[in-house]
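**Student:** Just structure-v4.pdb, nothing more (PDB, C-alpha atoms):
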```pdb
ATOM      1  CA  MET A   1      97.328 120.901 201.765
ATOM      2  CA  SER A   2      94.070 122.271 200.449
ATOM      3  CA  ASN A   3      93.468 119.746 197.697
ATOM      4  CA  LEU A   4      94.299 116.227 198.787
ATOM      5  CA  SER A   5      93.436 114.587 195.497
ATOM      6  CA  SER A   6      96.154 116.523 193.689
ATOM      7  CA  MET A   7      98.812 115.249 196.064
ATOM      8  CA  SER A   8     101.042 112.336 195.242
ATOM      9  CA  ASP A   9     100.911 109.045 197.096
ATOM     10  CA  GLN A  10     104.052 109.853 199.051
ATOM     11  CA  GLU A  11     102.670 113.175 200.148
ATOM     12  CA  LEU A  12      99.506 111.503 201.382
ATOM     13  CA  THR A  13     101.566 108.923 203.220
ATOM     14  CA  SER A  14     103.569 111.611 204.967
ATOM     15  CA  LEU A  15     100.362 113.438 205.914
ATOM     16  CA  LEU A  16      98.907 110.254 207.353
ATOM     17  CA  ASP A  17     102.031 109.788 209.416
ATOM     18  CA  GLN A  18     101.814 113.371 210.563
ATOM     19  CA  TYR A  19      98.360 112.825 211.972
ATOM     20  CA  ASN A  20      99.332 109.458 213.419
ATOM     21  CA  ILE A  21      96.667 107.650 211.416
ATOM     22  CA  LYS A  22      97.050 103.924 211.129
ATOM     23  CA  HIS A  23      97.395 103.155 207.440
ATOM     24  CA  GLY A  24      98.715 100.826 204.815
ATOM     25  CA  PRO A  25     100.241 101.741 201.445
ATOM     26  CA  VAL A  26      98.435 104.386 199.446
ATOM     27  CA  VAL A  27      97.271 102.453 196.420
ATOM     28  CA  GLY A  28      94.624 103.138 193.809
ATOM     29  CA  THR A  29      91.902 101.456 195.842
ATOM     30  CA  THR A  30      92.972 102.824 199.218
ATOM     31  CA  ARG A  31      93.540 106.413 198.164
ATOM     32  CA  LYS A  32      89.931 107.472 198.456
ATOM     33  CA  LEU A  33      89.700 106.060 201.976
ATOM     34  CA  TYR A  34      92.803 107.866 203.197
ATOM     35  CA  GLU A  35      91.774 111.136 201.615
ATOM     36  CA  LYS A  36      88.480 110.882 203.454
ATOM     37  CA  LYS A  37      90.241 110.140 206.735
ATOM     38  CA  LEU A  38      92.578 113.077 206.305
ATOM     39  CA  LEU A  39      89.679 115.393 205.540
ATOM     40  CA  ASP A  40      87.893 114.238 208.700
ATOM     41  CA  ILE A  41      90.900 114.847 210.891
ATOM     42  CA  MET A  42      91.684 118.206 209.358
ATOM     43  CA  SER A  43      88.135 119.441 209.842
ATOM     44  CA  LYS A  44      88.198 118.185 213.429
ATOM     45  CA  GLU A  45      91.404 120.094 213.998
ATOM     46  CA  LYS A  46      89.814 123.273 212.749
ATOM     47  CA  LYS A  47      86.874 122.764 215.075
ATOM     48  CA  GLN A  48      89.150 122.136 218.035
ATOM     49  CA  GLY A  49      91.163 125.217 217.235
ATOM     50  CA  ASN A  50      88.064 127.443 217.294
ATOM     51  CA  VAL A  51      86.273 126.119 220.324
ATOM     52  CA  LYS A  52      88.217 125.225 223.429
ATOM     53  CA  LYS A  53      85.312 125.089 225.849
ATOM     54  CA  PRO A  54      84.874 121.316 226.160
ATOM     55  CA  SER A  55      88.303 120.850 227.756
ATOM     56  CA  SER A  56      87.683 123.581 230.286
ATOM     57  CA  ASP A  57      84.288 122.103 231.038
ATOM     58  CA  LYS A  58      85.975 118.820 231.719
ATOM     59  CA  THR A  59      88.379 120.348 234.205
ATOM     60  CA  TYR A  60      85.520 122.124 235.913
ATOM     61  CA  TYR A  61      83.676 118.854 236.197
ATOM     62  CA  ARG A  62      86.771 117.234 237.629
ATOM     63  CA  GLU A  63      86.916 119.871 240.328
ATOM     64  CA  GLU A  64      83.321 119.184 241.144
ATOM     65  CA  GLU A  65      84.100 115.524 241.273
ATOM     66  CA  THR A  66      86.857 116.101 243.782
ATOM     67  CA  GLU A  67      84.438 118.116 245.852
ATOM     68  CA  THR A  68      81.925 115.324 246.037
ATOM     69  CA  PHE A  69      84.540 112.669 246.585
ATOM     70  CA  PHE A  70      86.028 114.072 249.752
ATOM     71  CA  PRO A  71      84.099 113.954 253.017
ATOM     72  CA  HIS A  72      82.505 116.784 254.877
ATOM     73  CA  PRO A  73      85.379 118.633 256.541
ATOM     74  CA  VAL A  74      83.597 119.120 259.872
ATOM     75  CA  HIS A  75      83.782 115.483 260.823
ATOM     76  CA  TYR A  76      87.337 114.717 259.822
ATOM     77  CA  ASN A  77      88.887 117.806 261.233
ATOM     78  CA  ALA A  78      91.984 117.808 263.412
ATOM     79  CA  PRO A  79      93.389 114.306 263.695
ATOM     80  CA  VAL A  80      93.451 113.762 259.983
ATOM     81  CA  SER A  81      95.793 116.541 259.013
ATOM     82  CA  PHE A  82      98.401 116.380 261.783
ATOM     83  CA  SER A  83      99.732 113.218 263.291
ATOM     84  CA  ASP A  84     103.031 111.394 263.583
ATOM     85  CA  SER A  85     101.600 107.911 263.612
ATOM     86  CA  PRO A  86     102.249 106.020 260.397
ATOM     87  CA  ALA A  87      98.663 104.885 260.178
ATOM     88  CA  LEU A  88      97.478 108.422 259.858
ATOM     89  CA  CYS A  89     100.323 109.409 257.567
ATOM     90  CA  LYS A  90      98.280 107.985 254.722
ATOM     91  CA  LEU A  91      95.418 110.180 255.758
ATOM     92  CA  HIS A  92      97.764 113.119 255.881
ATOM     93  CA  LYS A  93      98.598 112.508 252.235
ATOM     94  CA  PHE A  94      94.924 111.995 251.620
ATOM     95  CA  SER A  95      94.160 115.337 253.152
ATOM     96  CA  ASP A  96      96.857 117.020 251.100
ATOM     97  CA  LYS A  97      94.572 116.951 248.123
ATOM     98  CA  ARG A  98      91.905 118.881 249.936
ATOM     99  CA  PRO A  99      92.976 122.470 250.140
ATOM    100  CA  PHE A 100      89.553 123.733 251.105
ATOM    101  CA  ALA A 101      89.320 121.149 253.864
ATOM    102  CA  ASP A 102      92.613 122.333 255.292
ATOM    103  CA  SER A 103      91.413 125.897 255.183
ATOM    104  CA  ASP A 104      88.345 124.801 257.110
ATOM    105  CA  ASP A 105      90.650 123.114 259.577
ATOM    106  CA  SER A 106      92.508 126.330 260.149
ATOM    107  CA  THR A 107      89.336 128.287 260.774
ATOM    108  CA  ALA A 108      87.660 125.690 262.956
ATOM    109  CA  THR A 109      90.597 124.642 265.133
ATOM    110  CA  PRO A 110      93.552 127.041 265.319
ATOM    111  CA  LYS A 111      95.805 124.421 266.844
ATOM    112  CA  SER A 112      97.637 123.796 263.614
ATOM    113  CA  SER A 113     100.030 126.724 263.973
ATOM    114  CA  SER A 114     101.853 126.125 267.289
ATOM    115  CA  PRO A 115     103.316 122.787 268.352
ATOM    116  CA  GLY A 116     102.608 123.432 272.056
ATOM    117  CA  LEU A 117      98.939 123.731 271.434
ATOM    118  CA  PHE A 118      99.209 120.781 269.145
ATOM    119  CA  SER A 119     100.541 118.503 271.895
ATOM    120  CA  ARG A 120      97.719 119.513 274.217
ATOM    121  CA  SER A 121      95.071 119.222 271.594
ATOM    122  CA  ARG A 122      96.571 115.947 270.564
ATOM    123  CA  GLN A 123      95.736 114.557 274.012
ATOM    124  CA  ILE A 124      92.261 115.941 273.753
ATOM    125  CA  TYR A 125      91.777 114.563 270.314
ATOM    126  CA  SER A 126      93.671 111.341 270.961
ATOM    127  CA  THR A 127      90.591 109.366 271.817
ATOM    128  CA  GLU A 128      88.760 110.843 268.929
ATOM    129  CA  ALA A 129      91.793 110.163 266.769
ATOM    130  CA  THR A 130      91.866 106.503 267.705
ATOM    131  CA  TYR A 131      88.179 106.282 267.058
ATOM    132  CA  ARG A 132      88.572 107.984 263.761
ATOM    133  CA  ASN A 133      91.677 105.950 263.011
ATOM    134  CA  VAL A 134      89.629 102.798 263.310
ATOM    135  CA  SER A 135      86.773 104.284 261.407
ATOM    136  CA  GLN A 136      89.104 105.534 258.736
ATOM    137  CA  SER A 137      91.025 102.316 258.252
ATOM    138  CA  ASN A 138      89.414 102.143 254.859
ATOM    139  CA  PRO A 139      89.515 105.771 253.795
ATOM    140  CA  SER A 140      88.360 105.700 250.246
ATOM    141  CA  PRO A 141      85.248 103.520 250.212
ATOM    142  CA  LEU A 142      84.062 104.562 253.662
ATOM    143  CA  THR A 143      84.532 108.262 253.063
ATOM    144  CA  SER A 144      83.020 108.107 249.636
ATOM    145  CA  SER A 145      79.982 106.282 250.981
ATOM    146  CA  THR A 146      79.605 108.596 253.966
ATOM    147  CA  ALA A 147      80.215 111.581 251.736
ATOM    148  CA  SER A 148      77.530 110.471 249.394
ATOM    149  CA  ALA A 149      75.187 109.736 252.296
ATOM    150  CA  SER A 150      75.854 113.052 254.030
ATOM    151  CA  ARG A 151      75.599 115.033 250.865
ATOM    152  CA  SER A 152      72.454 113.247 249.830
ATOM    153  CA  ALA A 153      70.919 113.810 253.237
ATOM    154  CA  GLN A 154      71.709 117.504 253.022
ATOM    155  CA  GLU A 155      71.074 118.337 249.429
ATOM    156  CA  LYS A 156      68.910 115.672 247.824
ATOM    157  CA  ALA A 157      69.856 117.291 244.522
ATOM    158  CA  PRO A 158      72.075 114.699 242.803
ATOM    159  CA  GLN A 159      69.533 111.951 242.401
ATOM    160  CA  GLY A 160      70.479 111.209 238.832
ATOM    161  CA  THR A 161      73.153 108.689 239.873
ATOM    162  CA  ARG A 162      70.856 106.765 242.258
ATOM    163  CA  TYR A 163      69.311 103.589 241.113
ATOM    164  CA  ILE A 164      66.898 103.233 244.069
ATOM    165  CA  PRO A 165      65.353 106.520 245.235
ATOM    166  CA  LEU A 166      66.283 107.659 248.720
ATOM    167  CA  TRP A 167      62.743 107.868 250.071
ATOM    168  CA  PHE A 168      62.278 104.265 249.059
ATOM    169  CA  GLN A 169      65.368 103.234 250.974
ATOM    170  CA  PHE A 170      64.115 105.006 254.069
ATOM    171  CA  LEU A 171      60.721 103.391 253.688
ATOM    172  CA  VAL A 172      62.234  99.942 253.408
ATOM    173  CA  PHE A 173      64.356 100.622 256.445
ATOM    174  CA  LEU A 174      61.383 101.788 258.474
ATOM    175  CA  MET A 175      59.351  98.786 257.431
ATOM    176  CA  PHE A 176      62.161  96.487 258.415
ATOM    177  CA  ALA A 177      62.534  98.229 261.774
ATOM    178  CA  GLY A 178      58.808  98.006 262.366
ATOM    179  CA  PHE A 179      58.845  94.354 261.482
ATOM    180  CA  LEU A 180      61.639  93.669 263.941
ATOM    181  CA  TYR A 181      59.824  95.636 266.625
ATOM    182  CA  TYR A 182      56.702  93.604 266.027
ATOM    183  CA  ILE A 183      58.639  90.398 266.430
ATOM    184  CA  PHE A 184      60.239  91.747 269.569
ATOM    185  CA  THR A 185      56.913  92.713 271.153
ATOM    186  CA  SER A 186      55.334  89.416 270.192
ATOM    187  CA  MET A 187      58.175  87.605 271.933
ATOM    188  CA  GLU A 188      57.800  89.458 275.209
ATOM    189  CA  THR A 189      55.224  87.209 276.845
ATOM    190  CA  PRO A 190      56.807  83.782 276.256
ATOM    191  CA  PRO A 191      60.049  84.448 278.238
ATOM    192  CA  LYS A 192      58.076  84.812 281.474
ATOM    193  CA  LYS A 193      56.627  81.365 281.061
ATOM    194  CA  HIS A 194      60.037  80.118 280.048
ATOM    195  CA  PHE A 195      61.574  81.329 283.285
ATOM    196  CA  GLU A 196      58.762  79.835 285.315
ATOM    197  CA  ILE A 197      59.329  76.478 283.752
ATOM    198  CA  LYS A 198      63.058  76.663 284.468
ATOM    199  CA  ASN A 199      62.516  77.490 288.153
TER     200      ASN A 199
ATOM    201  CA  MET B 200      74.820  70.036 233.325
ATOM    202  CA  THR B 201      74.574  73.577 234.596
ATOM    203  CA  ALA B 202      76.538  74.732 231.570
ATOM    204  CA  LYS B 203      74.033  73.087 229.298
ATOM    205  CA  LEU B 204      71.179  74.598 231.259
ATOM    206  CA  LEU B 205      72.760  78.029 231.068
ATOM    207  CA  SER B 206      73.382  77.687 227.383
ATOM    208  CA  PHE B 207      69.799  76.604 226.872
ATOM    209  CA  ILE B 208      68.577  79.575 228.836
ATOM    210  CA  SER B 209      70.755  81.983 226.923
ATOM    211  CA  ARG B 210      69.759  80.261 223.688
ATOM    212  CA  SER B 211      73.198  80.455 222.249
ATOM    213  CA  GLU B 212      75.655  77.864 221.068
ATOM    214  CA  PRO B 213      77.522  75.857 223.698
ATOM    215  CA  ALA B 214      80.522  77.460 225.332
ATOM    216  CA  GLY B 215      83.685  77.501 223.240
ATOM    217  CA  MET B 216      81.958  78.150 219.950
ATOM    218  CA  SER B 217      81.600  81.631 218.539
ATOM    219  CA  THR B 218      78.341  82.665 216.984
ATOM    220  CA  THR B 219      79.253  82.371 213.311
ATOM    221  CA  SER B 220      76.974  81.804 210.394
ATOM    222  CA  GLN B 221      77.029  78.838 208.111
ATOM    223  CA  LYS B 222      78.329  81.064 205.307
ATOM    224  CA  HIS B 223      81.252  82.070 207.473
ATOM    225  CA  ARG B 224      82.084  78.512 208.359
ATOM    226  CA  ASP B 225      81.861  77.419 204.724
ATOM    227  CA  PHE B 226      84.177  80.177 203.546
ATOM    228  CA  VAL B 227      86.784  79.656 206.242
ATOM    229  CA  ALA B 228      86.881  75.904 205.754
ATOM    230  CA  GLU B 229      88.729  75.884 202.416
ATOM    231  CA  PRO B 230      90.871  78.028 200.094
ATOM    232  CA  MET B 231      88.689  80.592 198.407
ATOM    233  CA  GLY B 232      89.925  79.967 194.904
ATOM    234  CA  ASP B 233      87.699  81.763 192.410
ATOM    235  CA  LYS B 234      84.677  82.186 194.658
ATOM    236  CA  HIS B 235      82.415  85.112 193.930
ATOM    237  CA  VAL B 236      82.431  88.032 196.313
ATOM    238  CA  THR B 237      78.975  87.056 197.545
ATOM    239  CA  ALA B 238      80.536  83.963 199.105
ATOM    240  CA  LEU B 239      81.968  86.228 201.783
ATOM    241  CA  SER B 240      80.110  86.293 205.068
ATOM    242  CA  GLY B 241      78.084  89.471 205.381
ATOM    243  CA  ILE B 242      78.031  90.142 201.633
ATOM    244  CA  GLY B 243      74.687  89.375 200.092
ATOM    245  CA  GLY B 244      73.224  90.047 196.685
ATOM    246  CA  VAL B 245      72.870  93.802 197.013
ATOM    247  CA  LEU B 246      76.290  94.428 198.477
ATOM    248  CA  GLY B 247      77.839  91.950 196.080
ATOM    249  CA  LYS B 248      76.477  93.874 193.131
ATOM    250  CA  LYS B 249      77.824  97.166 194.432
ATOM    251  CA  LEU B 250      81.247  95.665 194.987
ATOM    252  CA  GLU B 251      81.190  94.233 191.481
ATOM    253  CA  GLU B 252      80.544  97.669 190.067
ATOM    254  CA  GLN B 253      83.621  98.918 191.847
ATOM    255  CA  GLY B 254      85.675  96.127 190.351
ATOM    256  CA  PHE B 255      85.646  93.764 193.324
ATOM    257  CA  ASP B 256      83.920  90.855 191.649
ATOM    258  CA  LYS B 257      85.868  88.031 193.200
ATOM    259  CA  ALA B 258      86.491  87.269 196.851
ATOM    260  CA  TYR B 259      90.251  87.334 196.323
ATOM    261  CA  VAL B 260      90.110  90.948 195.165
ATOM    262  CA  VAL B 261      88.464  91.901 198.432
ATOM    263  CA  LEU B 262      91.112  89.801 200.105
ATOM    264  CA  GLY B 263      93.703  91.873 198.312
ATOM    265  CA  GLN B 264      92.153  95.046 199.660
ATOM    266  CA  PHE B 265      92.017  93.515 203.111
ATOM    267  CA  LEU B 266      95.719  92.746 202.944
ATOM    268  CA  VAL B 267      96.644  96.150 201.578
ATOM    269  CA  LEU B 268      94.845  97.671 204.532
ATOM    270  CA  ARG B 269      97.222  95.603 206.667
ATOM    271  CA  LYS B 270      94.405  93.400 207.926
ATOM    272  CA  ASP B 271      93.332  96.250 210.183
ATOM    273  CA  ASP B 272      89.742  95.985 211.377
ATOM    274  CA  GLU B 273      88.947  99.680 211.586
ATOM    275  CA  LEU B 274      90.353 100.503 208.164
ATOM    276  CA  PHE B 275      88.792  97.537 206.423
ATOM    277  CA  ILE B 276      85.373  98.054 207.976
ATOM    278  CA  GLU B 277      85.450 101.732 207.117
ATOM    279  CA  TRP B 278      86.493 100.974 203.583
ATOM    280  CA  LEU B 279      83.773  98.378 203.112
ATOM    281  CA  LYS B 280      81.109 100.706 204.471
ATOM    282  CA  ASP B 281      82.219 103.478 202.150
ATOM    283  CA  THR B 282      82.519 101.273 199.095
ATOM    284  CA  CYS B 283      79.313  99.285 199.125
ATOM    285  CA  GLY B 284      77.242 100.818 201.923
ATOM    286  CA  ALA B 285      77.450  97.872 204.282
ATOM    287  CA  ASN B 286      76.301  98.375 207.855
ATOM    288  CA  SER B 287      78.489  97.705 210.887
ATOM    289  CA  LYS B 288      77.292  94.165 211.375
ATOM    290  CA  GLN B 289      77.834  93.122 207.783
ATOM    291  CA  ALA B 290      81.226  94.765 207.589
ATOM    292  CA  PHE B 291      82.366  93.199 210.824
ATOM    293  CA  SER B 292      81.148  89.822 209.673
ATOM    294  CA  CYS B 293      83.113  90.152 206.449
ATOM    295  CA  TYR B 294      86.176  91.251 208.372
ATOM    296  CA  THR B 295      86.119  88.287 210.742
ATOM    297  CA  CYS B 296      85.515  85.948 207.830
ATOM    298  CA  LEU B 297      88.581  87.199 205.966
ATOM    299  CA  LYS B 298      90.669  87.363 209.111
ATOM    300  CA  GLU B 299      89.970  83.772 209.989
ATOM    301  CA  TRP B 300      90.613  82.674 206.434
ATOM    302  CA  CYS B 301      93.984  84.434 206.547
ATOM    303  CA  ASP B 302      94.823  82.826 209.866
ATOM    304  CA  SER B 303      94.277  79.409 208.351
ATOM    305  CA  PHE B 304      95.605  79.754 204.810
ATOM    306  CA  LEU B 305      97.810  82.776 204.474
TER     307      LEU B 305
END
```
Go ahead and express the file in the form of structure tokens.
**Tutor:**
Amino acid sequence: MSNLSSMSDQELTSLLDQYNIKHGPVVGTTRKLYEKKLLDIMSKEKKQGNVKKPSSDKTYYREEETETFFPHPVHYNAPVSFSDSPALCKLHKFSDKRPFADSDDSTATPKSSSPGLFSRSRQIYSTEATYRNVSQSNPSPLTSSTASASRSAQEKAPQGTRYIPLWFQFLVFLMFAGFLYYIFTSMETPPKKHFEIKN
Amino acid sequence: MTAKLLSFISRSEPAGMSTTSQKHRDFVAEPMGDKHVTALSGIGGVLGKKLEEQGFDKAYVVLGQFLVLRKDDELFIEWLKDTCGANSKQAFSCYTCLKEWCDSFL
């Protein structure tokens, strides 16, 4: 194992198979290449054995990603988690992945425990549920966009992923609104004349 | 007409034709016979000399190596880079040249 060049061709072949390296026959001209490949993989293995931080970092990042992906729990509170309608069943599954959101649900609205309260609160929240049902017909893109908008409005920290800066977007919006208002005000006087002509 | 316009704008060859060099097209057009290794696309004078020193003086010897490496792109390109110091572009060019030749004549 230590000295690859002293190994026979068959031994090298078996080692290559062990590491799942794509290879052809070990011949005079190909031997050097395969020895080099085996050395690379063996040194990588040693490195991976010593340091295991990158994988844990990845999982941590994934948790963060799930945090950003899901919407702010305050808005999508009661009707999402508990409902018998099939339309919201999807959302129920959707909310299953959010343990912290469910915990927020329990603290904000304690209706989840008893079914009696649930039926009453269901009436209260029915209108809201229908509204949210419509608004949540497309859960993933809508929630992701609103999540990103809400989070960006609150934090303003993750600006690395933005292509157009937020202040610029607001500025463009304000300019567009002002432009429309200008058109609206400039059109106020003509309608009077228009009505006079009609009469 | 729009295709022609687009191709003119992108300044590449018309659609359907890959961007291959004349050397590539010459090599792939006929059996290699006893051609020198520098006839391969991507292998110029400097690389040709280095390959010759290693014993790969003819194109068919490099073909032999290509076949022994099971015509695999990664292996062949890695081998070529290690043997004669070719860069990625040259090695890939040589690989596609040999691959196409094999598709036609092997």
**Student:** Could you pull out every residue with an atom within 7 Å of (78.0, 96.0, 200.4), file coordinates, counting all atoms listed in the file, and send them as a PDB file with C-alpha atoms, in the coordinates of the input?
**Tutor:**
```
ATOM      1  CA  ILE B 242      78.031  90.142 201.633  1.00  0.00           C
ATOM      2  CA  VAL B 245      72.870  93.802 197.013  1.00  0.00           C
ATOM      3  CA  LEU B 246      76.290  94.428 198.477  1.00  0.00           C
ATOM      4  CA  GLY B 247      77.839  91.950 196.080  1.00  0.00           C
ATOM      5  CA  LYS B 249      77.824  97.166 194.432  1.00  0.00           C
ATOM      6  CA  LEU B 250      81.247  95.665 194.987  1.00  0.00           C
ATOM      7  CA  LEU B 279      83.773  98.378 203.112  1.00  0.00           C
ATOM      8  CA  LYS B 280      81.109 100.706 204.471  1.00  0.00           C
ATOM      9  CA  CYS B 283      79.313  99.285 199.125  1.00  0.00           C
ATOM     10  CA  GLY B 284      77.242 100.818 201.923  1.00  0.00           C
ATOM     11  CA  ALA B 285      77.450  97.872 204.282  1.00  0.00           C
TER      12      ALA B 285
END
```
**Student:** Tell me which residues the ChimeraX specification (/B :<8) & /A grabs here, as an MDAnalysis selection string.
**Tutor:** chainID A and resid 23:25 29:30 33
**Student:** One decimal, in Å: what's the spacing between CA of Lys257 (chain B) and CA of Lys234 (chain B)?
**Tutor:** 6.1 Å
**Student:** One number please: CA of Phe265 (chain B) to CA of Gly28 (chain A), in Å, one decimal.
**Tutor:** 13.6 Å
**Student:** Could you check the closest approach to Ser220 (chain B) for each of B:Leu297, B:Ser292, B:Leu262, B:Asp233 and tell me which residue wins, using only C-alpha atoms?
**Tutor:**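 Ranked by minimum distance to Ser220 (chain B), first place goes to B:Ser292.
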**Student:** Can you spell out as JSON, numbers by chain the set of residues that the PyMOL selection byres ((chain A and resi 14-19) around 10) selects in the structure I just provided?
**Tutor:** {"A": [1, 4, 9, 10, 11, 12, 13, 20, 21, 22, 23, 24, 26, 34, 35, 37, 38, 41, 42]}
**Student:** To one decimal in Å, tell me the separation between CA of Gln221 (chain B) and CA of Glu252 (chain B).
**Tutor:**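 So the two atoms, CA of Gln221 (chain B) and CA of Glu252 (chain B), lie 26.3 Å apart.
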**Student:** Kindly resolve the PyMOL selection byres ((chain B and resi 225) around 12) on the present coordinates and return the residues as a VMD selection string.
**Tutor:** chain B and resid 219 to 224 226 to 231 234 238 to 240 296 to 297 299 to 300
**Student:** Mind rebuilding region 275-288 of chain B with N, CA and C atoms and writing that out as a PDB file, in the frame of the given file?
**Tutor:**
```pdb
ATOM      1  N   PHE B 275      89.524  98.375 207.372  1.00  0.00           N
ATOM      2  CA  PHE B 275      88.792  97.537 206.423  1.00  0.00           C
ATOM      3  C   PHE B 275      87.297  97.773 206.527  1.00  0.00           C
ATOM      4  N   ILE B 276      86.807  97.852 207.786  1.00  0.00           N
ATOM      5  CA  ILE B 276      85.373  98.054 207.976  1.00  0.00           C
ATOM      6  C   ILE B 276      84.954  99.405 207.416  1.00  0.00           C
ATOM      7  N   GLU B 277      85.772 100.408 207.662  1.00  0.00           N
ATOM      8  CA  GLU B 277      85.450 101.732 207.117  1.00  0.00           C
ATOM      9  C   GLU B 277      85.439 101.704 205.593  1.00  0.00           C
ATOM     10  N   TRP B 278      86.417 101.049 205.035  1.00  0.00           N
ATOM     11  CA  TRP B 278      86.493 100.974 203.583  1.00  0.00           C
ATOM     12  C   TRP B 278      85.271 100.253 203.000  1.00  0.00           C
ATOM     13  N   LEU B 279      84.907  99.159 203.616  1.00  0.00           N
ATOM     14  CA  LEU B 279      83.773  98.378 203.112  1.00  0.00           C
ATOM     15  C   LEU B 279      82.477  99.181 203.203  1.00  0.00           C
ATOM     16  N   LYS B 280      82.319  99.893 204.311  1.00  0.00           N
ATOM     17  CA  LYS B 280      81.109 100.706 204.471  1.00  0.00           C
ATOM     18  C   LYS B 280      81.051 101.781 203.395  1.00  0.00           C
ATOM     19  N   ASP B 281      82.204 102.402 203.147  1.00  0.00           N
ATOM     20  CA  ASP B 281      82.219 103.478 202.150  1.00  0.00           C
ATOM     21  C   ASP B 281      82.000 102.953 200.744  1.00  0.00           C
ATOM     22  N   THR B 282      82.544 101.768 200.477  1.00  0.00           N
ATOM     23  CA  THR B 282      82.519 101.273 199.095  1.00  0.00           C
ATOM     24  C   THR B 282      81.157 100.739 198.687  1.00  0.00           C
ATOM     25  N   CYS B 283      80.560  99.922 199.541  1.00  0.00           N
ATOM     26  CA  CYS B 283      79.313  99.285 199.125  1.00  0.00           C
ATOM     27  C   CYS B 283      78.142  99.608 200.036  1.00  0.00           C
ATOM     28  N   GLY B 284      78.345 100.440 201.052  1.00  0.00           N
ATOM     29  CA  GLY B 284      77.242 100.818 201.923  1.00  0.00           C
ATOM     30  C   GLY B 284      76.839  99.748 202.916  1.00  0.00           C
ATOM     31  N   ALA B 285      77.764  98.905 203.290  1.00  0.00           N
ATOM     32  CA  ALA B 285      77.450  97.872 204.282  1.00  0.00           C
ATOM     33  C   ALA B 285      77.248  98.513 205.646  1.00  0.00           C
ATOM     34  N   ASN B 286      76.446  97.874 206.485  1.00  0.00           N
ATOM     35  CA  ASN B 286      76.301  98.375 207.855  1.00  0.00           C
ATOM     36  C   ASN B 286      77.380  97.745 208.734  1.00  0.00           C
ATOM     37  N   SER B 287      77.400  98.137 210.000  1.00  0.00           N
ATOM     38  CA  SER B 287      78.489  97.705 210.887  1.00  0.00           C
ATOM     39  C   SER B 287      78.521  96.194 211.027  1.00  0.00           C
ATOM     40  N   LYS B 288      77.343  95.612 211.151  1.00  0.00           N
ATOM     41  CA  LYS B 288      77.292  94.165 211.375  1.00  0.00           C
ATOM     42  C   LYS B 288      77.827  93.409 210.170  1.00  0.00           C
TER      43      LYS B 288
END
```
